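Notes follow the structure.
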Amino acid sequence: MTEQEVIELIDSSLAEEFELDRADMTPDANIYEDLGLDSLDTVDMVIVLEGAFDFKIREEESVRAIRTLGDIHQFVLQKVVEHS
Amino acid sequence: MQQDVIVIGSGLSGLTSALLLARSGRKVLVLEQHARPAPVVNGFSRQGLYFDSGFHYVGGLGKGGAFRPLFRHLGLDRKLELFPFAADRFDQLKIVSTGETYALPVGFAEIRRELGALFPQQREKIDRYIGEIETTWSRFPYLDLNTDIADYAMQTVHGESLKERLGEFAETPELLSLLSMHSLLYGLSPEMAPFTLNAQVAGSYYHSAHGIRGGGRALVAALLELLDEAGVEVRCGAEVTSIDAEAATVSGVTLADGEQLQATEVVATLNPALLPQLLQPGQLRPAYRKRLAGLKQTCSAYIVFARSAQAIESLQKSNLFVQPQPGLLAANPDCPLRERAYYLAAAGQEQNGGHGVIGIIPAHVDEVADWVDAGPQRSPAYRQHKERIGAELLALFADNNPELAGLELLELATPLTLHDYSLAPQGAVYGVGRFLGQYNPHPMTRLRGLFLSGQAIAAPGLLGTVVSSYLTCGSILGHEQLRGEIRTCH
Ligand SMILES: Cc1cc2nc3c(=O)[nH]c(=O)nc-3n(C[C@H](O)[C@H](O)[C@H](O)COP(=O)(O)OP(=O)(O)OC[C@H]3O[C@@H](n4cnc5c(N)ncnc54)[C@H](O)[C@@H]3O)c2cc1C
């Protein structure tokens, strides 16, 4: 998968599963303030990403540090590299 | 009556949650789909014998037990009389292939001594392992008032499995059997069971094991009395078919007959995999609804309720776990009946003079698949299936245990019976399991005013469901308030 394809899969999965508007989903969008997620959504976000990319996410610290959609892109891209 | 809170489900968790919320000054209404309250634990009588269904014994209520302050806080200590299980053998394990029977005594020191004597080469490891259980079991949230609730939940997702943990401590198959046998009480195999869950369940019984005089029926009666004193109404035959909301906030529920009831808070204690069916699209995110619907259920069971002509001495104040071969013990229905591990208990320890026997053996809903859609009026073929399974199980029990020769079958529960009692998908014995790697739901949801409680939120059993109710009501009332009240009950 190219970087662009990874980012597209992240954005389309999150848009569908969290009913987000693609127009709001810019890399610098804050997932809590701009996209309206809250701490209760974090687990679902992890599950959606695990399902989309078929890996397990155990790095709770890194997940807790995520603030923007761009952070999610970076986090997943790194996991994809580790798994290939 | 205008209520503030509606609790869906009158199981142990629903009744406990209703009590805690009513005591905070809220007007609470409990709705139960079944004709009787707490159908899972209420028990029943057949031919003069009382049989428990979903409650046999409880751990952690002995002197210094971490469950005691909660019991006192609820007021159950005033309403119920406990009796201790046999100090030298509260649980026994029979291994069929070797013919050996082992007994677990009550108390961590006693268990160390007994297992150390049986497996002297592994004495030092046994000491360390039992020591770990001793410190871990009571770290469960609300048993330990300082436990970080979020961290604890994560250990059951990402922590070690019971199998992995035992791998470091136990080599002998018989020792593995003894240290994993309580997996039958939460319905997960040792590969899938978080070590912390096993520690909490097994550890509570290692600490102390008690029965309740009058059994599950007395437990339910006590809770209903406390609820009555607190002004709570419990309505049976009231199936909730929809949770209603306005402007992203709960407004009430709708019943199967179309009646609408208003409330500002709803606590749903039903199997959480069923919750998405009660929600309208848009009420909660697709990601969350899919997670709930996909939660894995524990296996189901056949339950034998039988009469013995003689009193069964070995089951007096004791349970017997039976395993075909030594090694890790799993609640596994994916093999012929005779290869499954199972569990035997006396029915009505005190009332029936030792003549009632209950046997619980893992089963899969597929075994009764032909009758799933038939409704309560199931066909003669289903009755024949029940008779055949019942006869096979009585023969199995008798072969494994001479004292049980000549049992008379009074009733057999199947996965369909378990489904009728709780609506649990696939007749899951303990509902949604706490499988390692699975994120079980949190008491809070994103729909304002909607909360979840029940065995899937914390753990199965009286202890697990009571803790789930504290976790949920703590989310509503503030954990510090509830914890403060419990501190005064120590
Ligand atoms: C055979 C067996 C033996 C057990 N032995 C023990 C034991 O010895 N000790 C111990 O501590 N624990 C034991 N347990 C476990 C214990 O019984 C359970 O963990 C506990 O009862 C679960 O309580 P709950 O409130 O979470 O769920 P439930 O009791 O299932 O409560 C949920 C309630 O919701 C109702 N409901 C579902 N859908 C709806 C709807 N749409 N509208 C209205 N109502 C609805 C159901 O009918 C049900 O009554 C045993 C369980 C079984 C099955």
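Identifiers in this document derive from the order of the structure tokens: chains are assigned A, B, ..., residues are numbered from 1 separately in each chain, and ligands are numbered from 1 in order of occurrence.
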Can you pull out the residues contacting Leu9 (chain A)? Cut-off 9 Å, using only C-alpha atoms, and skip same-chain residues under 5 positions away; I want them as a compact mmCIF listing (two decimals) with all heavy atoms, in the first residue's frame.
```
# COMPACT_ATOMS: atom_id res chain seq x y z
N GLN A 4 -0.40 7.18 0.34
CA GLN A 4 -1.68 7.81 0.01
C GLN A 4 -2.84 6.84 0.22
O GLN A 4 -3.89 7.20 0.71
CB GLN A 4 -1.63 8.32 -1.44
CG GLN A 4 -2.22 9.69 -1.65
CD GLN A 4 -2.08 10.62 -0.44
OE1 GLN A 4 -0.98 10.90 0.03
NE2 GLN A 4 -3.21 11.06 0.09
N LEU A 14 -12.81 5.87 9.05
CA LEU A 14 -13.28 6.71 10.16
C LEU A 14 -14.53 7.48 9.75
O LEU A 14 -15.46 7.63 10.54
CB LEU A 14 -12.17 7.69 10.60
CG LEU A 14 -10.93 7.05 11.24
CD1 LEU A 14 -9.91 8.12 11.61
CD2 LEU A 14 -11.29 6.22 12.47
N ALA A 52 -9.38 -2.37 9.85
CA ALA A 52 -9.06 -1.91 8.50
C ALA A 52 -7.68 -2.42 8.07
O ALA A 52 -7.46 -2.72 6.90
CB ALA A 52 -9.12 -0.39 8.43
N PHE A 53 -6.75 -2.50 9.03
CA PHE A 53 -5.37 -2.83 8.65
C PHE A 53 -4.91 -4.21 9.15
O PHE A 53 -3.78 -4.60 8.91
CB PHE A 53 -4.41 -1.74 9.16
CG PHE A 53 -4.60 -0.44 8.44
CD1 PHE A 53 -5.43 0.55 8.96
CD2 PHE A 53 -4.00 -0.23 7.21
CE1 PHE A 53 -5.64 1.73 8.27
CE2 PHE A 53 -4.19 0.95 6.53
CZ PHE A 53 -5.02 1.94 7.05
```
Return the neighbours of chain A among the residues of chain B, cut-off 8 Å, counting only C-alpha atoms, as a CSV table (one decimal) with N, CA, C and O atoms, in the first residue's frame.
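In the end it all went to iface.csv:
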```
chain,number,residue,atom,x,y,z
B,158,HIS,N,-5.2,-6.4,27.2
B,158,HIS,CA,-3.8,-6.6,26.7
B,158,HIS,C,-3.0,-7.4,27.7
B,158,HIS,O,-1.8,-7.6,27.4
B,285,ARG,N,-22.8,5.8,17.3
B,285,ARG,CA,-21.9,5.7,16.1
B,285,ARG,C,-22.0,4.2,15.5
B,285,ARG,O,-22.0,3.3,16.3
B,286,PRO,N,-21.9,4.1,14.2
B,286,PRO,CA,-21.8,2.7,13.6
B,286,PRO,C,-20.7,1.9,14.2
B,286,PRO,O,-20.8,0.7,14.5
B,287,ALA,N,-19.5,2.6,14.5
B,287,ALA,CA,-18.4,1.8,15.0
B,287,ALA,C,-18.8,1.2,16.4
B,287,ALA,O,-18.4,0.0,16.6
B,288,TYR,N,-19.5,1.9,17.2
B,288,TYR,CA,-19.8,1.4,18.5
B,288,TYR,C,-20.9,0.3,18.4
B,288,TYR,O,-20.8,-0.7,19.1
B,291,ARG,N,-19.3,-2.8,17.3
B,291,ARG,CA,-18.5,-3.4,18.4
B,291,ARG,C,-19.4,-4.2,19.3
B,291,ARG,O,-19.1,-5.3,19.7
B,439,TYR,N,-12.5,-5.6,23.7
B,439,TYR,CA,-12.8,-4.4,24.5
B,439,TYR,C,-14.2,-4.5,24.9
B,439,TYR,O,-15.1,-4.2,24.1
B,444,MET,N,-20.3,4.0,30.5
B,444,MET,CA,-20.8,5.3,29.9
B,444,MET,C,-21.0,5.0,28.4
B,444,MET,O,-20.2,4.3,27.8
B,445,THR,N,-22.0,5.7,27.8
B,445,THR,CA,-22.1,5.6,26.4
B,445,THR,C,-22.1,7.1,25.9
B,445,THR,O,-22.2,8.0,26.7
B,446,ARG,N,-22.1,7.2,24.6
B,446,ARG,CA,-22.1,8.6,24.0
B,446,ARG,C,-23.5,9.2,23.9
B,446,ARG,O,-23.7,10.3,23.6
```
| message | Could you list the protein, DNA and RNA residues that have any atom within 6 Å of ligand 1, counting only C-alpha atoms and all ligand atoms, and write them as an NGL selection string? | response | :B and (8-14 or 31-34 or 38-41 or 53-58 or 238-241 or 269-270 or 421-423 or 429-430 or 454-455 or 460-463 or 465)
| request: Give the strand (DSSP E) residues of region 287-412 of chain B, as DSSP finds them on the backbone, and put them as a PyMOL selection string. | output: chain B and resi 300-307+319-323+342-346+356-363+408-412
Write out as a compact mmCIF listing (two decimals) with N, CA, C and O atoms, in the first residue's frame which residues come within 7 Å of Gln426 (chain B) when counting only C-alpha atoms, dropping same-chain ones fewer than 2 positions away.
```txt
# COMPACT_ATOMS: atom_id res chain seq x y z
N SER B 300 -22.65 -21.98 25.94
CA SER B 300 -23.89 -22.29 26.65
C SER B 300 -23.70 -23.56 27.47
O SER B 300 -22.55 -24.00 27.68
N VAL B 365 -25.11 -23.96 21.25
CA VAL B 365 -26.50 -23.76 20.82
C VAL B 365 -26.79 -24.59 19.56
O VAL B 365 -27.94 -25.02 19.34
N PRO B 415 -29.43 -24.95 26.00
CA PRO B 415 -29.11 -23.57 25.57
C PRO B 415 -30.37 -22.75 25.27
O PRO B 415 -30.37 -21.54 25.46
N HIS B 419 -31.46 -19.21 26.98
CA HIS B 419 -31.84 -18.06 26.16
C HIS B 419 -33.18 -17.48 26.62
O HIS B 419 -33.34 -16.27 26.75
N ALA B 424 -30.00 -14.04 26.35
CA ALA B 424 -28.60 -14.03 25.92
C ALA B 424 -28.46 -14.74 24.58
O ALA B 424 -28.96 -15.85 24.41
N ALA B 428 -25.80 -17.99 26.02
CA ALA B 428 -24.50 -17.86 26.69
C ALA B 428 -24.66 -17.93 28.21
O ALA B 428 -25.43 -17.17 28.79
```
| query | Using only C-alpha atoms, which residues sit within 7 Å of region 69-73 of chain B once same-chain residues fewer than 5 positions away are excluded, as a ChimeraX atom specification? | reply | /B:486,489-490
| query | Leaving out Gln155 (chain B) and any residue of its chain fewer than 5 positions from it, which residues lie within 9 Å of it when counting only C-alpha atoms, given as a PyMOL selection string? | reply | chain B and resi 160+194-196+436
| request: Give the helix (DSSP H, G or I) residues of chain A, as DSSP finds them on the backbone, and put them as a PyMOL selection string. | output: chain A and resi 3-18+22-24+41-53+60-65+69-83
| note | Counting only C-alpha atoms, closest pick from A:Glu8, A:Ile66, A:Glu33, A:Phe55 relative to Ser84 (chain A) is A:Phe55
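Residues with any atom within 9 Å of Arg22 (chain A), counting only C-alpha atoms and excluding same-chain neighbours fewer than 6 positions away, are Asp11, Ser12 and Ala15 of chain A.
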Output all heavy atoms for every residue in that selection, as a tab-separated table (two decimals), in the first residue's frame.
```
chain	number	residue	atom	x	y	z
A	11	ASP	N	-9.03	7.47	6.43
A	11	ASP	CA	-10.07	8.51	6.39
A	11	ASP	C	-11.44	7.93	6.03
A	11	ASP	O	-12.45	8.29	6.63
A	11	ASP	CB	-9.68	9.61	5.40
A	11	ASP	CG	-8.53	10.46	5.94
A	11	ASP	OD1	-8.05	10.16	7.06
A	11	ASP	OD2	-8.10	11.41	5.24
A	12	SER	N	-11.45	7.00	5.05
A	12	SER	CA	-12.76	6.48	4.65
A	12	SER	C	-13.35	5.60	5.76
A	12	SER	O	-14.55	5.65	6.03
A	12	SER	CB	-12.66	5.71	3.33
A	12	SER	OG	-11.76	4.64	3.45
A	15	ALA	N	-14.58	7.96	8.51
A	15	ALA	CA	-15.76	8.70	8.05
A	15	ALA	C	-17.00	7.83	8.15
A	15	ALA	O	-18.04	8.26	8.64
A	15	ALA	CB	-15.55	9.18	6.62
```
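You will find CA of Ala301 (chain B) at 14.2 Å from CA of Glu339 (chain B).
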| task | Could you check which of B:Arg26, B:Leu76, B:Ala199, B:Gly99 is closest to Gly131 (chain B), using only C-alpha atoms? | result | B:Ala199
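Take CA of Gly211 (chain B) and CA of Leu328 (chain B): the distance between them is 26.8 Å.
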So which residues touch Leu329 (chain B) within 9 Å, counting only C-alpha atoms, skipping near sequence neighbours fewer than 4 positions away, as a short mmCIF file (atom, residue, chain, number, x, y, z; two decimals) with all heavy atoms, in the first residue's frame?
```
data_model
loop_
_atom_site.label_atom_id
_atom_site.label_comp_id
_atom_site.auth_asym_id
_atom_site.auth_seq_id
_atom_site.Cartn_x
_atom_site.Cartn_y
_atom_site.Cartn_z
N LEU B 176 -1.93 -28.10 36.79
CA LEU B 176 -2.57 -27.18 35.84
C LEU B 176 -4.09 -27.29 35.94
O LEU B 176 -4.81 -26.29 35.89
CB LEU B 176 -2.12 -27.48 34.42
CG LEU B 176 -0.70 -27.02 34.06
CD1 LEU B 176 -0.25 -27.64 32.74
CD2 LEU B 176 -0.62 -25.50 33.99
N SER B 177 -4.58 -28.51 36.08
CA SER B 177 -6.03 -28.72 36.23
C SER B 177 -6.56 -27.95 37.42
O SER B 177 -7.53 -27.21 37.33
CB SER B 177 -6.35 -30.20 36.46
OG SER B 177 -5.96 -30.99 35.38
N LEU B 178 -5.89 -28.14 38.56
CA LEU B 178 -6.37 -27.53 39.80
C LEU B 178 -6.33 -26.00 39.75
O LEU B 178 -7.20 -25.34 40.31
CB LEU B 178 -5.52 -28.03 40.99
CG LEU B 178 -5.90 -29.41 41.49
CD1 LEU B 178 -4.75 -30.05 42.28
CD2 LEU B 178 -7.16 -29.33 42.36
N LEU B 179 -5.33 -25.47 39.07
CA LEU B 179 -5.19 -24.02 39.05
C LEU B 179 -6.01 -23.36 37.94
O LEU B 179 -6.10 -22.14 37.89
CB LEU B 179 -3.71 -23.62 38.93
CG LEU B 179 -2.84 -24.04 40.12
CD1 LEU B 179 -1.38 -23.65 39.91
CD2 LEU B 179 -3.36 -23.44 41.43
N SER B 180 -6.60 -24.17 37.06
CA SER B 180 -7.42 -23.57 35.99
C SER B 180 -8.89 -23.98 36.08
O SER B 180 -9.70 -23.52 35.29
CB SER B 180 -6.87 -23.96 34.61
OG SER B 180 -6.86 -25.36 34.46
N MET B 181 -9.24 -24.84 37.06
CA MET B 181 -10.61 -25.38 37.06
C MET B 181 -11.69 -24.33 37.22
O MET B 181 -12.81 -24.50 36.74
CB MET B 181 -10.75 -26.45 38.15
CG MET B 181 -10.62 -25.95 39.56
SD MET B 181 -10.33 -27.35 40.66
CE MET B 181 -11.68 -27.17 41.80
N HIS B 182 -11.37 -23.20 37.85
CA HIS B 182 -12.42 -22.19 38.05
C HIS B 182 -12.79 -21.46 36.77
O HIS B 182 -13.71 -20.63 36.78
CB HIS B 182 -12.03 -21.24 39.18
CG HIS B 182 -12.02 -21.95 40.51
ND1 HIS B 182 -10.88 -22.47 41.05
CD2 HIS B 182 -13.04 -22.29 41.32
CE1 HIS B 182 -11.19 -23.08 42.19
NE2 HIS B 182 -12.49 -22.99 42.38
N SER B 183 -12.10 -21.79 35.66
CA SER B 183 -12.51 -21.21 34.38
C SER B 183 -13.94 -21.63 34.04
O SER B 183 -14.63 -20.94 33.30
CB SER B 183 -11.55 -21.63 33.26
OG SER B 183 -11.61 -23.02 33.07
N LEU B 184 -14.41 -22.75 34.61
CA LEU B 184 -15.82 -23.13 34.38
C LEU B 184 -16.77 -22.09 34.96
O LEU B 184 -17.92 -22.03 34.56
CB LEU B 184 -16.13 -24.49 35.02
CG LEU B 184 -15.65 -25.76 34.30
CD1 LEU B 184 -16.20 -26.98 35.01
CD2 LEU B 184 -16.11 -25.78 32.84
N SER B 189 -11.78 -20.28 28.02
CA SER B 189 -10.67 -21.23 28.10
C SER B 189 -9.45 -20.48 28.63
O SER B 189 -9.34 -19.26 28.48
CB SER B 189 -10.38 -21.80 26.72
OG SER B 189 -9.85 -20.78 25.91
N PRO B 190 -8.50 -21.20 29.26
CA PRO B 190 -7.32 -20.53 29.83
C PRO B 190 -6.50 -19.75 28.80
O PRO B 190 -5.81 -18.80 29.15
CB PRO B 190 -6.50 -21.68 30.42
CG PRO B 190 -7.53 -22.73 30.73
CD PRO B 190 -8.56 -22.62 29.64
N GLN B 323 -13.08 -33.61 35.25
CA GLN B 323 -12.34 -33.38 34.02
C GLN B 323 -11.90 -34.74 33.46
O GLN B 323 -11.34 -35.55 34.20
CB GLN B 323 -11.12 -32.50 34.33
CG GLN B 323 -10.37 -32.03 33.12
CD GLN B 323 -9.08 -31.31 33.50
OE1 GLN B 323 -8.53 -31.54 34.58
NE2 GLN B 323 -8.58 -30.48 32.61
N GLN B 325 -9.45 -35.64 31.33
CA GLN B 325 -7.99 -35.86 31.29
C GLN B 325 -7.33 -34.71 32.05
O GLN B 325 -7.80 -33.60 31.96
CB GLN B 325 -7.48 -35.75 29.85
CG GLN B 325 -8.11 -36.67 28.85
CD GLN B 325 -7.41 -38.01 28.81
OE1 GLN B 325 -6.31 -38.14 29.35
NE2 GLN B 325 -8.04 -39.00 28.22
N ALA B 341 -15.38 -31.17 30.32
CA ALA B 341 -15.29 -30.98 31.77
C ALA B 341 -16.64 -30.46 32.25
O ALA B 341 -17.33 -29.77 31.51
CB ALA B 341 -14.19 -29.97 32.08
#
```
